$ cat upload-v7.cif   # mmCIF, C-alpha atoms
data_data
loop_
_atom_site.group_PDB
_atom_site.id
_atom_site.type_symbol
_atom_site.label_atom_id
_atom_site.label_comp_id
_atom_site.auth_asym_id
_atom_site.auth_seq_id
_atom_site.Cartn_x
_atom_site.Cartn_y
_atom_site.Cartn_z
ATOM 1 C CA MET D 1 -30.871 -18.957 9.384
ATOM 2 C CA THR D 2 -30.866 -17.214 6.041
ATOM 3 C CA VAL D 3 -28.180 -14.967 4.703
ATOM 4 C CA ASN D 4 -30.497 -11.960 4.777
ATOM 5 C CA TRP D 5 -30.002 -11.580 8.523
ATOM 6 C CA TYR D 6 -26.275 -11.297 8.072
ATOM 7 C CA LEU D 7 -26.691 -8.806 5.243
ATOM 8 C CA ILE D 8 -28.955 -6.613 7.390
ATOM 9 C CA VAL D 9 -26.428 -6.645 10.231
ATOM 10 C CA SER D 10 -23.730 -5.794 7.700
ATOM 11 C CA ALA D 11 -25.783 -2.869 6.383
ATOM 12 C CA MET D 12 -26.313 -1.577 9.934
ATOM 13 C CA ILE D 13 -22.589 -1.729 10.710
ATOM 14 C CA PHE D 14 -21.800 0.031 7.439
ATOM 15 C CA ALA D 15 -24.291 2.830 8.172
ATOM 16 C CA LEU D 16 -22.869 3.247 11.695
ATOM 17 C CA GLY D 17 -19.359 3.481 10.293
ATOM 18 C CA ALA D 18 -20.423 6.019 7.663
ATOM 19 C CA ALA D 19 -22.121 8.124 10.345
ATOM 20 C CA GLY D 20 -18.960 8.005 12.431
ATOM 21 C CA VAL D 21 -16.762 9.153 9.528
ATOM 22 C CA MET D 22 -19.095 12.086 8.935
ATOM 23 C CA ILE D 23 -19.565 13.073 12.585
ATOM 24 C CA ARG D 24 -16.281 12.593 14.406
ATOM 25 C CA ARG D 25 -13.388 15.040 14.200
ATOM 26 C CA ASN D 26 -10.474 13.027 15.551
ATOM 27 C CA PRO D 27 -8.658 11.334 12.629
ATOM 28 C CA LEU D 28 -7.891 8.315 14.822
ATOM 29 C CA VAL D 29 -11.586 7.689 15.374
ATOM 30 C CA ILE D 30 -12.291 8.319 11.693
ATOM 31 C CA LEU D 31 -9.830 5.530 10.861
ATOM 32 C CA LEU D 32 -11.635 3.259 13.332
ATOM 33 C CA CYS D 33 -14.940 4.039 11.611
ATOM 34 C CA LEU D 34 -13.356 3.193 8.249
ATOM 35 C CA GLU D 35 -12.449 -0.179 9.761
ATOM 36 C CA LEU D 36 -16.115 -0.617 10.687
ATOM 37 C CA MET D 37 -17.159 -0.047 7.084
ATOM 38 C CA LEU D 38 -14.541 -2.462 5.726
ATOM 39 C CA ASN D 39 -15.670 -5.075 8.239
ATOM 40 C CA ALA D 40 -19.288 -4.655 7.184
ATOM 41 C CA GLY D 41 -18.136 -5.447 3.644
ATOM 42 C CA ASN D 42 -16.279 -8.485 4.946
ATOM 43 C CA LEU D 43 -19.359 -9.815 6.709
ATOM 44 C CA ALA D 44 -21.404 -9.510 3.521
ATOM 45 C CA LEU D 45 -18.662 -11.236 1.497
ATOM 46 C CA ILE D 46 -18.460 -14.152 3.927
ATOM 47 C CA GLY D 47 -22.240 -14.450 3.954
ATOM 48 C CA PHE D 48 -22.413 -14.610 0.157
ATOM 49 C CA SER D 49 -19.550 -17.089 0.141
ATOM 50 C CA ARG D 50 -21.480 -19.340 2.532
ATOM 51 C CA MET D 51 -24.580 -19.134 0.336
ATOM 52 C CA TRP D 52 -22.664 -19.944 -2.818
ATOM 53 C CA GLY D 53 -20.773 -22.735 -1.114
ATOM 54 C CA ASP D 54 -17.516 -21.614 -2.704
ATOM 55 C CA GLY D 55 -14.353 -20.310 -1.090
ATOM 56 C CA ALA D 56 -13.825 -17.349 -3.415
ATOM 57 C CA GLY D 57 -15.685 -14.952 -1.104
ATOM 58 C CA GLU D 58 -13.319 -15.818 1.720
ATOM 59 C CA ILE D 59 -10.342 -14.926 -0.469
ATOM 60 C CA PHE D 60 -11.976 -11.563 -1.165
ATOM 61 C CA ALA D 61 -12.463 -11.039 2.566
ATOM 62 C CA ILE D 62 -8.800 -11.827 3.232
ATOM 63 C CA VAL D 63 -7.709 -9.349 0.548
ATOM 64 C CA VAL D 64 -9.973 -6.726 2.141
ATOM 65 C CA MET D 65 -8.223 -7.392 5.455
ATOM 66 C CA VAL D 66 -4.848 -6.839 3.763
ATOM 67 C CA ILE D 67 -6.079 -3.520 2.349
ATOM 68 C CA ALA D 68 -7.347 -2.530 5.803
ATOM 69 C CA ALA D 69 -3.968 -3.312 7.355
ATOM 70 C CA CYS D 70 -2.205 -1.147 4.743
ATOM 71 C CA GLU D 71 -4.662 1.676 5.308
ATOM 72 C CA VAL D 72 -4.095 1.492 9.067
ATOM 73 C CA ALA D 73 -0.312 1.578 8.698
ATOM 74 C CA ILE D 74 -0.358 4.611 6.396
ATOM 75 C CA GLY D 75 -3.110 6.417 8.296
ATOM 76 C CA LEU D 76 -1.448 5.996 11.677
ATOM 77 C CA GLY D 77 1.870 7.065 10.115
ATOM 78 C CA ILE D 78 0.259 10.284 8.929
ATOM 79 C CA ILE D 79 -1.269 10.895 12.367
ATOM 80 C CA VAL D 80 2.097 10.368 14.082
ATOM 81 C CA ALA D 81 3.726 12.752 11.586
ATOM 82 C CA LEU D 82 1.012 15.332 12.332
ATOM 83 C CA TYR D 83 1.590 14.980 16.049
ATOM 84 C CA ARG D 84 5.346 15.353 15.677
ATOM 85 C CA ARG D 85 4.926 18.585 13.744
ATOM 86 C CA ARG D 86 2.695 19.876 16.543
ATOM 87 C CA LEU D 87 -0.235 20.207 14.188
ATOM 88 C CA PRO D 88 -3.704 19.829 15.681
ATOM 89 C CA VAL D 89 -5.014 16.268 15.472
ATOM 90 C CA ASP D 90 -8.410 17.445 14.330
ATOM 91 C CA VAL D 91 -9.743 17.196 10.799
ATOM 92 C CA ASP D 92 -11.705 20.437 11.076
ATOM 93 C CA GLU D 93 -8.572 22.452 11.804
ATOM 94 C CA LEU D 94 -6.393 20.768 9.170
ATOM 95 C CA ARG D 95 -7.769 22.753 6.282
ATOM 96 C CA GLU D 96 -4.633 23.849 4.474
ATOM 97 C CA LEU D 97 -5.567 21.787 1.434
ATOM 98 C CA HIS D 98 -9.022 23.294 1.553
ATOM 99 C CA GLY D 99 -8.054 26.020 -0.929
ATOM 100 C CA MET A 1 -29.627 -22.604 18.564
ATOM 101 C CA THR A 2 -27.796 -20.969 15.685
ATOM 102 C CA PHE A 3 -30.468 -18.303 15.773
ATOM 103 C CA LEU A 4 -29.789 -17.536 19.437
ATOM 104 C CA PHE A 5 -26.034 -17.359 18.906
ATOM 105 C CA PHE A 6 -26.532 -15.156 15.875
ATOM 106 C CA PHE A 7 -28.531 -12.598 17.831
ATOM 107 C CA ILE A 8 -26.067 -12.563 20.724
ATOM 108 C CA PHE A 9 -23.054 -12.066 18.475
ATOM 109 C CA ALA A 10 -24.808 -9.591 16.197
ATOM 110 C CA GLY A 11 -25.907 -7.623 19.245
ATOM 111 C CA PHE A 12 -22.340 -7.423 20.511
ATOM 112 C CA ALA A 13 -21.051 -6.481 17.052
ATOM 113 C CA LEU A 14 -23.574 -3.650 16.738
ATOM 114 C CA ALA A 15 -22.965 -2.461 20.286
ATOM 115 C CA GLY A 16 -19.227 -2.372 19.629
ATOM 116 C CA ALA A 17 -19.769 -0.448 16.405
ATOM 117 C CA ALA A 18 -22.030 2.049 18.172
ATOM 118 C CA GLY A 19 -19.429 2.429 20.897
ATOM 119 C CA VAL A 20 -16.752 3.363 18.356
ATOM 120 C CA VAL A 21 -18.947 6.153 17.027
ATOM 121 C CA VAL A 22 -20.317 7.440 20.327
ATOM 122 C CA LEU A 23 -17.568 7.070 22.954
ATOM 123 C CA ARG A 24 -15.670 10.207 23.821
ATOM 124 C CA ASN A 25 -12.219 8.811 24.558
ATOM 125 C CA PRO A 26 -10.297 7.338 21.578
ATOM 126 C CA PHE A 27 -8.803 4.695 23.855
ATOM 127 C CA TYR A 28 -12.249 3.332 24.691
ATOM 128 C CA CYS A 29 -13.158 3.564 21.012
ATOM 129 C CA VAL A 30 -10.315 1.170 20.214
ATOM 130 C CA LEU A 31 -11.386 -1.257 22.949
ATOM 131 C CA SER A 32 -14.962 -1.069 21.645
ATOM 132 C CA LEU A 33 -13.691 -1.931 18.182
ATOM 133 C CA VAL A 34 -11.925 -4.992 19.638
ATOM 134 C CA VAL A 35 -15.264 -6.200 21.037
ATOM 135 C CA HIS A 36 -16.809 -5.590 17.625
ATOM 136 C CA LEU A 37 -14.073 -7.509 15.794
ATOM 137 C CA ILE A 38 -14.243 -10.518 18.108
ATOM 138 C CA SER A 39 -18.020 -10.825 17.821
ATOM 139 C CA LEU A 40 -17.672 -10.450 14.063
ATOM 140 C CA ALA A 41 -15.192 -13.343 14.075
ATOM 141 C CA LEU A 42 -17.782 -15.420 15.950
ATOM 142 C CA LEU A 43 -20.337 -14.529 13.269
ATOM 143 C CA PHE A 44 -17.811 -15.767 10.694
ATOM 144 C CA LEU A 45 -17.632 -19.030 12.634
ATOM 145 C CA LEU A 46 -21.432 -19.312 12.406
ATOM 146 C CA LEU A 47 -20.995 -18.937 8.639
ATOM 147 C CA GLU A 48 -18.446 -21.782 8.787
ATOM 148 C CA ALA A 49 -15.513 -19.691 7.631
ATOM 149 C CA GLN A 50 -13.086 -20.963 10.268
ATOM 150 C CA PHE A 51 -9.879 -19.703 8.716
ATOM 151 C CA VAL A 52 -11.137 -16.164 8.185
ATOM 152 C CA ALA A 53 -12.504 -16.097 11.745
ATOM 153 C CA VAL A 54 -9.112 -17.049 13.203
ATOM 154 C CA ALA A 55 -7.310 -14.600 10.894
ATOM 155 C CA GLN A 56 -9.724 -11.896 12.001
ATOM 156 C CA ILE A 57 -8.910 -12.440 15.664
ATOM 157 C CA VAL A 58 -5.144 -12.884 15.242
ATOM 158 C CA VAL A 59 -4.453 -10.222 12.612
ATOM 159 C CA TYR A 60 -7.180 -7.678 13.285
ATOM 160 C CA ALA A 61 -8.129 -7.859 16.947
ATOM 161 C CA GLY A 62 -4.541 -8.760 17.771
ATOM 162 C CA ALA A 63 -1.949 -7.017 15.646
ATOM 163 C CA VAL A 64 -3.781 -4.079 14.089
ATOM 164 C CA MET A 65 -5.508 -3.107 17.326
ATOM 165 C CA VAL A 66 -2.207 -3.171 19.237
ATOM 166 C CA LEU A 67 -0.898 -0.695 16.669
ATOM 167 C CA TYR A 68 -3.927 1.500 17.351
ATOM 168 C CA VAL A 69 -3.441 1.310 21.120
ATOM 169 C CA PHE A 70 0.189 2.357 20.763
ATOM 170 C CA VAL A 71 -0.663 5.340 18.588
ATOM 171 C CA VAL A 72 -3.518 6.425 20.879
ATOM 172 C CA ALA A 73 -1.166 6.216 23.864
ATOM 173 C CA TYR A 74 1.433 8.226 21.937
ATOM 174 C CA VAL A 75 -0.837 10.897 20.514
ATOM 175 C CA GLY A 76 -3.372 10.835 23.348
ATOM 176 C CA GLY A 77 -5.699 13.684 22.729
ATOM 177 C CA GLY A 78 -9.266 12.747 23.405
ATOM 178 C CA ASP A 79 -11.703 15.175 21.886
ATOM 179 C CA LYS A 80 -12.264 18.159 24.100
ATOM 180 C CA PRO A 81 -15.839 18.192 25.404
ATOM 181 C CA ASP A 82 -16.853 21.017 23.116
ATOM 182 C CA GLN A 83 -15.431 19.331 20.045
ATOM 183 C CA LEU A 84 -16.695 15.781 20.439
ATOM 184 C CA TRP A 85 -19.027 16.244 17.544
ATOM 185 C CA SER A 86 -18.592 18.377 14.486
ATOM 186 C CA ALA A 87 -18.848 22.083 15.022
ATOM 187 C CA SER A 88 -22.416 22.637 13.979
ATOM 188 C CA PRO A 89 -25.379 20.532 15.097
ATOM 189 C CA ARG A 90 -26.660 20.957 11.569
ATOM 190 C CA GLN A 91 -23.763 18.887 10.240
ATOM 191 C CA LYS A 92 -24.417 16.234 12.869
ATOM 192 C CA ALA A 93 -28.081 15.998 11.894
ATOM 193 C CA LEU A 94 -27.127 15.861 8.220
ATOM 194 C CA ALA A 95 -24.619 13.076 8.895
ATOM 195 C CA ILE A 96 -27.148 10.981 10.804
ATOM 196 C CA GLY A 97 -29.680 11.589 8.046
ATOM 197 C CA PHE A 98 -27.280 10.458 5.349
ATOM 198 C CA ALA A 99 -26.285 7.378 7.360
ATOM 199 C CA SER A 100 -29.957 6.421 7.763
ATOM 200 C CA LEU A 101 -30.425 6.916 4.025
ATOM 201 C CA ILE A 102 -27.479 4.579 3.345
ATOM 202 C CA PHE A 103 -29.002 1.959 5.650
ATOM 203 C CA ILE A 104 -32.451 2.271 4.096
ATOM 204 C CA GLU A 105 -30.995 1.989 0.626
ATOM 205 C CA LEU A 106 -28.987 -1.105 1.552
ATOM 206 C CA ALA A 107 -32.016 -2.661 3.246
ATOM 207 C CA ILE A 108 -34.096 -2.093 0.117
ATOM 208 C CA ALA A 109 -31.311 -3.583 -1.984
ATOM 209 C CA ILE A 110 -31.139 -6.646 0.268
ATOM 210 C CA LEU A 111 -34.794 -7.311 1.000
ATOM 211 C CA GLY A 112 -36.662 -5.683 -1.841
ATOM 212 C CA THR A 113 -34.953 -7.184 -4.859
ATOM 213 C CA ALA A 114 -34.276 -10.546 -6.378
ATOM 214 C CA LEU A 115 -31.566 -11.010 -3.766
ATOM 215 C CA SER A 116 -34.308 -12.055 -1.365
ATOM 216 C CA SER A 117 -34.552 -15.287 -3.301
ATOM 217 C CA LEU A 118 -31.191 -16.035 -1.688
ATOM 218 C CA GLY A 119 -33.108 -16.449 1.542
ATOM 219 C CA THR A 120 -32.348 -20.128 1.879
ATOM 220 C CA GLU A 121 -30.062 -22.172 4.026
ATOM 221 C CA GLY A 122 -27.449 -21.978 1.294
ATOM 222 C CA ALA A 123 -25.613 -24.472 -0.850
ATOM 223 C CA GLU A 124 -24.368 -27.839 0.297
ATOM 224 C CA LEU A 125 -20.899 -27.350 1.657
ATOM 225 C CA SER A 126 -17.969 -29.520 0.778
ATOM 226 C CA ALA A 127 -16.037 -31.053 3.648
ATOM 227 C CA THR A 128 -13.099 -28.713 3.136
ATOM 228 C CA TYR A 129 -15.130 -25.480 3.058
ATOM 229 C CA GLY A 130 -13.442 -22.725 5.028
ATOM 230 C CA THR A 131 -10.435 -24.787 6.059
ATOM 231 C CA PRO A 132 -6.858 -23.511 5.660
ATOM 232 C CA SER A 133 -6.178 -26.137 3.002
ATOM 233 C CA GLU A 134 -8.970 -24.800 0.792
ATOM 234 C CA ILE A 135 -7.897 -21.186 1.312
ATOM 235 C CA GLY A 136 -4.277 -22.040 0.561
ATOM 236 C CA GLU A 137 -5.164 -23.926 -2.582
ATOM 237 C CA LEU A 138 -7.337 -21.067 -3.853
ATOM 238 C CA LEU A 139 -4.687 -18.470 -3.048
ATOM 239 C CA LEU A 140 -1.975 -20.348 -4.916
ATOM 240 C CA THR A 141 -4.054 -21.336 -7.950
ATOM 241 C CA ASP A 142 -7.014 -19.164 -8.918
ATOM 242 C CA TYR A 143 -6.028 -16.056 -6.986
ATOM 243 C CA LEU A 144 -2.249 -16.136 -7.296
ATOM 244 C CA LEU A 145 -2.106 -12.674 -8.870
ATOM 245 C CA ALA A 146 -4.213 -11.129 -6.106
ATOM 246 C CA PHE A 147 -2.016 -12.872 -3.539
ATOM 247 C CA GLU A 148 1.204 -11.480 -5.020
ATOM 248 C CA LEU A 149 -0.243 -8.002 -5.460
ATOM 249 C CA ALA A 150 -1.441 -8.020 -1.855
ATOM 250 C CA SER A 151 2.030 -8.913 -0.634
ATOM 251 C CA MET A 152 3.549 -6.111 -2.730
ATOM 252 C CA LEU A 153 0.959 -3.703 -1.338
ATOM 253 C CA LEU A 154 1.840 -4.696 2.222
ATOM 254 C CA LEU A 155 5.528 -4.096 1.513
ATOM 255 C CA ILE A 156 4.834 -0.664 0.004
ATOM 256 C CA ALA A 157 2.575 0.272 2.932
ATOM 257 C CA ALA A 158 5.218 -0.791 5.449
ATOM 258 C CA ILE A 159 7.898 1.307 3.718
ATOM 259 C CA GLY A 160 5.491 4.231 3.445
ATOM 260 C CA ALA A 161 4.570 4.055 7.127
ATOM 261 C CA VAL A 162 8.224 4.042 8.157
ATOM 262 C CA ALA A 163 8.974 6.957 5.826
ATOM 263 C CA LEU A 164 6.017 8.947 7.189
ATOM 264 C CA ALA A 165 6.337 8.290 10.897
ATOM 265 C CA GLY A 166 10.118 8.014 11.091
ATOM 266 C CA ARG A 167 10.858 11.593 10.051
ATOM 267 C CA ARG A 168 11.775 13.876 12.829
ATOM 268 C CA GLY A 169 10.166 17.081 11.651
ATOM 269 C CA GLY A 170 7.669 15.958 9.057
ATOM 270 C CA ILE A 171 7.728 16.396 5.312
ATOM 271 C CA ALA A 172 9.307 19.856 5.073
ATOM 272 C CA GLU A 173 12.391 20.317 2.911
ATOM 273 C CA ASN A 174 14.757 21.761 5.517
ATOM 274 C CA GLU A 175 13.458 19.745 8.404
ATOM 275 C CA GLY A 176 16.846 19.520 10.055
ATOM 276 C CA ASN A 177 17.166 23.112 11.208
ATOM 277 C CA LEU A 178 14.827 24.432 13.834
ATOM 278 C CA SER A 179 12.791 26.879 11.819
ATOM 279 C CA PRO A 180 9.697 27.967 13.690
ATOM 280 C CA ARG A 181 7.815 28.259 10.431
ATOM 281 C CA HIS A 182 7.767 24.496 10.133
ATOM 282 C CA GLY A 183 6.911 24.010 13.747
ATOM 283 C CA VAL A 184 9.718 21.601 14.522
ATOM 284 C CA VAL A 185 10.681 23.201 17.824
ATOM 285 C CA HIS A 186 11.070 20.342 20.229
ATOM 286 C CA THR A 187 9.652 21.247 23.587
ATOM 287 C CA PRO A 188 10.378 18.963 26.530
ATOM 288 C CA SER A 189 7.424 16.655 27.100
ATOM 289 C CA PRO A 190 5.649 16.215 30.441
ATOM 290 C CA ALA A 191 6.649 13.204 32.476
ATOM 291 C CA ALA A 192 3.615 11.066 31.659
ATOM 292 C CA THR A 193 3.889 11.494 27.880
ATOM 293 C CA GLY A 194 3.250 8.296 25.981
ATOM 294 C CA SER A 195 2.012 6.302 28.934
ATOM 295 C CA MET A 196 -1.207 4.322 29.051
ATOM 296 C CA ALA A 197 -2.495 6.589 31.818
ATOM 297 C CA GLU A 198 -2.199 9.503 29.466
ATOM 298 C CA GLY A 199 -4.118 7.678 26.772
ATOM 299 C CA VAL A 200 -6.952 6.876 29.152
ATOM 300 C CA SER A 201 -7.092 10.212 30.912
ATOM 301 C CA GLY A 202 -8.558 11.830 27.850
ATOM 302 C CA TYR A 203 -8.385 15.373 26.626
ATOM 303 C CA GLY A 204 -5.917 18.041 27.397
ATOM 304 C CA VAL A 205 -3.006 15.705 26.764
ATOM 305 C CA THR A 206 -1.692 16.970 23.460
ATOM 306 C CA THR A 207 0.978 19.585 23.913
ATOM 307 C CA PRO A 208 -0.325 22.909 22.625
ATOM 308 C CA LEU A 209 1.366 24.669 19.767
ATOM 309 C CA PRO A 210 4.376 26.667 20.937
ATOM 310 C CA ASP A 211 3.411 30.186 21.888
ATOM 311 C CA PRO A 212 4.880 32.552 19.269
ATOM 312 C CA GLN A 213 5.861 34.937 22.018
ATOM 313 C CA PHE A 214 8.218 32.463 23.579
ATOM 314 C CA GLU A 215 9.320 30.742 20.406
ATOM 315 C CA GLY A 216 12.484 32.787 20.004
ATOM 316 C CA ARG A 217 13.622 32.041 23.503
ATOM 317 C CA GLU A 218 13.055 28.353 23.088
ATOM 318 C CA LEU A 219 15.194 28.362 20.003
ATOM 319 C CA GLN A 220 18.127 29.580 22.029
ATOM 320 C CA GLN A 221 17.981 26.727 24.473
ATOM 321 C CA PRO A 222 19.615 23.521 23.276
ATOM 322 C CA THR A 223 16.811 21.047 23.852
ATOM 323 C CA ARG A 224 17.289 17.375 24.382
ATOM 324 C CA GLU A 225 16.756 16.556 20.708
ATOM 325 C CA THR A 226 19.285 19.024 19.359
ATOM 326 C CA ALA A 227 21.864 17.930 21.890
ATOM 327 C CA GLU A 228 21.507 14.406 20.575
ATOM 328 C CA ASP A 229 21.881 15.592 17.022
ATOM 329 C CA ASP A 230 25.081 17.443 17.776
ATOM 330 C CA ARG A 231 26.718 14.430 19.290
#

$ encode --input "upload-v7.cif" --output "structure tokens"
Amino acid sequence: MTVNWYLIVSAMIFALGAAGVMIRRNPLVILLCLELMLNAGNLALIGFSRMWGDGAGEIFAIVVMVIAACEVAIGLGIIVALYRRRLPVDVDELRELHG
Amino acid sequence: MTFLFFFIFAGFALAGAAGVVVLRNPFYCVLSLVVHLISLALLFLLLEAQFVAVAQIVVYAGAVMVLYVFVVAYVGGGDKPDQLWSASPRQKALAIGFASLIFIELAIAILGTALSSLGTEGAELSATYGTPSEIGELLLTDYLLAFELASMLLLIAAIGAVALAGRRGGIAENEGNLSPRHGVVHTPSPAATGSMAEGVSGYGVTTPLPDPQFEGRELQQPTRETAEDDR
């Protein structure tokens, strides 16, 4: 069982997440797809850590999880604020910053 | 044996990821992501990272996903059938093309370079590899700065989330008065608002923007929110 298998799975998850961010319009689902991409990174980090036989990669993965939690808190806060202002929860219609 | 487990878990992880992208209802997307996260934690176990696997299940599949479920139940709003995908099919095709390009590039980077020499069973592991004691020691010695910065970041994010979501009318300056320009007219919600049934039932849940024709009349009525504010 070599690490390449894990890296390929990680690359597939990352590509799926990237496709989701580009395709979907609901910001909630876009956040979920961001989680997919972060998790793909985590899987690669853990795989490399296992190959190297050193715990540093696991620390990186834990820090990535912390970042993901922060991103979720802020992102969901923004979505709730949007909903409370009766703005459409749809990234294609939220184009006021578009210029 | 490890091989078999790997393919089972990887299959579930990929199926969960595909479900997040494809499923129509955001509620099912969240549940699909839970499946993905749990199978990813099992893959971590195969890589002998026990602590990270448990943290993944408890923190991610547990706490973070509960937050998602609450917000989906609150906001509701599945995509309407005509807006599941981006407006133009051209953009959809472009997105899938770019995602395939990313995958091909990553696959070349993994398999076609010197990284392929990593294709071994890996280093000999020490007895403490992946245990909480090793993680704790690393966090408090080599990675103390990252640990402290991460805790500060969590604090800032928590304050920011409360500041964003706790406001009644959003980020506008004069959010207190009911100016229709800022869209803070509080209309009474339907009875099922915020329930799980609403989250599951899909589209058509979000209250539409107040009709400008009736906006003036609604301003006259003291709604529930304003009555509370007066008290």

$ resolve_selection --input "upload-v7.cif" --expression "the PyMOL selection byres ((chain D and resi 91) around 8)" --output "PyMOL selection string"
chain D and resi 25-27+89-90+92-95

$ closest_residue --input "upload-v7.cif" --among "A:Leu4, A:Ala49, A:Ala63, A:Val71" --to "Arg50 (chain D)" --atoms "all atoms listed in the file"
A:Ala49

$ residues_around --input "upload-v7.cif" --residues "Phe51 (chain A)" --least-positions-apart "3" --cutoff "10 Å" --atoms "all atoms listed in the file" --output "number ranges by chain"
D: 58, 62; A: 41, 44-45, 48, 54-56, 129-135

$ interface_residues --input "upload-v7.cif" --of "chain D" --to "chain A" --cutoff "6 Å" --atoms "all atoms listed in the file" --output "list in words"
Thr2, Ala11, Ala15, Ala19, Gly20, Met22, Ile23, Arg24, Met51, Trp52, Gly53, Cys70, Ala73, Ile74, Gly77, Val80, Ala81, Arg85 and Arg86 of chain D

$ resolve_selection --input "upload-v7.cif" --expression "the PyMOL selection byres ((chain D and resi 28-42) around 6)" --output "ChimeraX atom specification"
/D:10,13-14,17,20-21,26-27,43-45,61

$ atom_distance --input "upload-v7.cif" --atom1 "CA of Tyr6 (chain D)" --atom2 "CA of Val35 (chain A)"
17.8 Å

$ atom_distance --input "upload-v7.cif" --atom1 "CA of Phe60 (chain D)" --atom2 "CA of Gly112 (chain A)"
25.4 Å

$ atom_distance --input "upload-v7.cif" --atom1 "CA of Leu76 (chain D)" --atom2 "CA of Pro88 (chain D)"
14.6 Å

$ axis_aligned_box --input "upload-v7.cif" --around "region 62-73 of chain A" --padding-each-side "4 Å" --output "JSON"
{"center_x": -2.7, "center_y": -1.2, "center_z": 19.0, "size_x": 13.7, "size_y": 23.2, "size_z": 17.8}

$ build_atoms --input "upload-v7.cif" --residues "region 129-145 of chain A" --atoms "N, CA and C atoms" --output "mmCIF file, keeping the file's coordinate frame"
data_model
loop_
_atom_site.group_PDB
_atom_site.id
_atom_site.type_symbol
_atom_site.label_atom_id
_atom_site.label_comp_id
_atom_site.auth_asym_id
_atom_site.auth_seq_id
_atom_site.Cartn_x
_atom_site.Cartn_y
_atom_site.Cartn_z
ATOM 1 N N TYR A 129 -14.768 -26.906 3.142
ATOM 2 C CA TYR A 129 -15.130 -25.480 3.058
ATOM 3 C C TYR A 129 -14.603 -24.705 4.258
ATOM 4 N N GLY A 130 -13.893 -23.605 3.967
ATOM 5 C CA GLY A 130 -13.442 -22.725 5.028
ATOM 6 C C GLY A 130 -12.193 -23.174 5.750
ATOM 7 N N THR A 131 -11.638 -24.321 5.374
ATOM 8 C CA THR A 131 -10.435 -24.787 6.059
ATOM 9 C C THR A 131 -9.196 -24.126 5.467
ATOM 10 N N PRO A 132 -8.088 -24.097 6.198
ATOM 11 C CA PRO A 132 -6.858 -23.511 5.660
ATOM 12 C C PRO A 132 -6.406 -24.175 4.367
ATOM 13 N N SER A 133 -6.646 -25.465 4.226
ATOM 14 C CA SER A 133 -6.178 -26.137 3.002
ATOM 15 C C SER A 133 -6.909 -25.587 1.780
ATOM 16 N N GLU A 134 -8.222 -25.334 1.935
ATOM 17 C CA GLU A 134 -8.970 -24.800 0.792
ATOM 18 C C GLU A 134 -8.505 -23.385 0.465
ATOM 19 N N ILE A 135 -8.336 -22.563 1.526
ATOM 20 C CA ILE A 135 -7.897 -21.186 1.312
ATOM 21 C C ILE A 135 -6.531 -21.174 0.639
ATOM 22 N N GLY A 136 -5.624 -22.012 1.128
ATOM 23 C CA GLY A 136 -4.277 -22.040 0.561
ATOM 24 C C GLY A 136 -4.295 -22.462 -0.893
ATOM 25 N N GLU A 137 -5.115 -23.463 -1.192
ATOM 26 C CA GLU A 137 -5.164 -23.926 -2.582
ATOM 27 C C GLU A 137 -5.704 -22.821 -3.493
ATOM 28 N N LEU A 138 -6.769 -22.146 -3.032
ATOM 29 C CA LEU A 138 -7.337 -21.067 -3.853
ATOM 30 C C LEU A 138 -6.331 -19.934 -4.045
ATOM 31 N N LEU A 139 -5.625 -19.590 -2.964
ATOM 32 C CA LEU A 139 -4.687 -18.470 -3.048
ATOM 33 C C LEU A 139 -3.551 -18.771 -4.007
ATOM 34 N N LEU A 140 -3.140 -20.022 -4.078
ATOM 35 C CA LEU A 140 -1.975 -20.348 -4.916
ATOM 36 C C LEU A 140 -2.369 -20.843 -6.302
ATOM 37 N N THR A 141 -3.670 -20.942 -6.586
ATOM 38 C CA THR A 141 -4.054 -21.336 -7.950
ATOM 39 C C THR A 141 -4.873 -20.217 -8.606
ATOM 40 N N ASP A 142 -6.138 -20.115 -8.229
ATOM 41 C CA ASP A 142 -7.014 -19.164 -8.918
ATOM 42 C C ASP A 142 -6.657 -17.716 -8.629
ATOM 43 N N TYR A 143 -6.216 -17.456 -7.393
ATOM 44 C CA TYR A 143 -6.028 -16.056 -6.986
ATOM 45 C C TYR A 143 -4.570 -15.735 -6.715
ATOM 46 N N LEU A 144 -3.682 -16.357 -7.514
ATOM 47 C CA LEU A 144 -2.249 -16.136 -7.296
ATOM 48 C C LEU A 144 -1.879 -14.682 -7.522
ATOM 49 N N LEU A 145 -2.456 -14.070 -8.560
ATOM 50 C CA LEU A 145 -2.106 -12.674 -8.870
ATOM 51 C C LEU A 145 -2.527 -11.757 -7.717
#
